[in-house]
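A.B. asks: The structure that follows is given in the form of structure tokens.
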Amino acid sequence: MSFFAGIKAKWNAKMDKVLKIGDFDKQLTEIIADGVVTNNELETIKRLIQEYGLTEKDLNIVGVKAFRAAFKAMMSDNIITQQEESDLLAIKDILCVQNELVTKEMAVLLEHQELRNIQNGILPVIETGGILLQRDEQVHFLLDCSLREERVVRRSYQGGSQGVSVRVAKGVSFRVGQHKGRMVSERDVVVVDTGNLAVTNKRIMFLGSQKSFDVIYKQLIGYQVYSNGLDVHTSTGKTRQIIFDNKQFKADVLQLILDRVTIQ
């Protein structure tokens with residue numbers, strides 16, 4: 001075989017592989033388009049890989065794209081079921097997709113797995129060394145936060161007047177319109193301490209550097225979880241406001257944990 005013939009053969013082989021990868025990509029896209037991947041479809045993907053002689057390097061070209069497309073289709077309802085998670089992981093393995101290339105998607109899968117576990121009564125258990133727990137008490141949620149309370153932030157007098165002196169005769173005058181002012185207090189919600197919020201199977205605890213409290217669930221009359229915080233309403237009429245500045249805070253996780261522990 002001549003030098004140029006060898007180059008031509010390599011070029012033809014390369015173009016043939018490009019065409020095969022393109023055809024595989026097209027069929028793969030059709031398979032995962034509906035967000036449902038059956039066992040038969042998984043077997044079809046395996047068969048196509050073998051028929052086209054695709055290597056792990058070849059799959060890197062289309063694997064991440066296909067995995068993300070499948071992930072997007074399955075997340076169209078904002079819920080990843082256990083079956084969908086299994087399908088995604090199967091696609092990931094078949095297409096040799098590395099975790100570091102789909103870190104965002106894998107983090108979402110782990111979060112949905114945690115939510116499903118909590119819904120099924122399997123709550124996370126956090127080992128803590130600095131919290132004195134009661135017998136059979138377990139910590140299910142722990143995160144740094146700040147405690148906010150309504151406080152008087154400013155006081156001022158308003159409405160006072162010395163009045164006007166009116167002379168009615170020589171050496172005789174009256175002062176009219178004189179009255180005392182009143183003190184006005186301005187209130188606002190301010191940070192009073194920083195620390196950690198712990199949710200256990202028995203109570204909610206705030207452990208701060210200057211102020212701490214706990215609320216057993218019998219004293220709890222309501223709670224509201226926000227995207228960045230939590231309001232705790234107690235039977236004493238006091239509301240505790242917790243703010244989470246930590247980006248690791250997951251409102252859905254805290255909501256489900258509280259829903260579980262408060263009905264036990």
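In the structure tokens, chains take letters A, B, ... by order of appearance, with residues numbered from 1 within each chain and ligands from 1 in the order shown.
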Mind checking which residues fall within 12 Å of Lys72 (chain A), counting only C-alpha atoms, ignoring those fewer than 2 positions away in the same chain, and posting them as a ChimeraX atom specification?

C.D. replies: /A:32-36,65-70,74-80,84,88,104-105,108-109

A.B. asks: So which bits of region 105-146 of chain A end up strand (DSSP E) when you DSSP the backbone, as JSON, numbers by chain?

C.D. replies: {"A": [139, 140, 141, 142, 143, 144, 145, 146]}

A.B. asks: Would you give me, as JSON lines, each residue of region 227-256 of chain A having an atom within 12 Å of an atom of region 132-140 of chain A, along with its shortest atom pair and that distance in Å to one decimal, using only C-alpha atoms and sorting by chain and residue number?

C.D. replies:
```
{"residue": "A:Val253", "atom": "CA", "partner": "A:His140", "partner_atom": "CA", "distance": 10.0}
{"residue": "A:Leu254", "atom": "CA", "partner": "A:His140", "partner_atom": "CA", "distance": 9.1}
{"residue": "A:Gln255", "atom": "CA", "partner": "A:His140", "partner_atom": "CA", "distance": 11.8}
{"residue": "A:Leu256", "atom": "CA", "partner": "A:His140", "partner_atom": "CA", "distance": 10.9}
```

A.B. asks: For Lys57 (chain A), which of A:Thr103, A:Gln98, A:Asn117, A:Gln82 is the closest residue, counting only C-alpha atoms?

C.D. replies: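 Among the listed residues, A:Gln98 lies closest to Lys57 (chain A).
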
A.B. asks: Check region 109-151 of chain A with DSSP on the backbone and list each residue it calls helix (DSSP H, G or I), as a list of chain:residue names.

C.D. replies: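 So the helix (DSSP H, G or I) residues in region 109-151 of chain A would be A:Leu109, A:Leu110, A:Glu111, A:His112, A:Gln113, A:Glu114, A:Leu115, A:Arg116, A:Asn117, A:Ile118, A:Gln119.
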
A.B. asks: Quick check, in Å to one decimal: how far apart do CA of Glu41 (chain A) and CA of Glu114 (chain A) lie?

C.D. replies: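 Between these atoms lies a distance of 27.8 Å.
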
A.B. asks: Can you tell me how far CA of Leu258 (chain A) sits from CA of Thr128 (chain A), in Å to one decimal?

C.D. replies: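 That distance, rounded to one decimal, is 18.9 Å.
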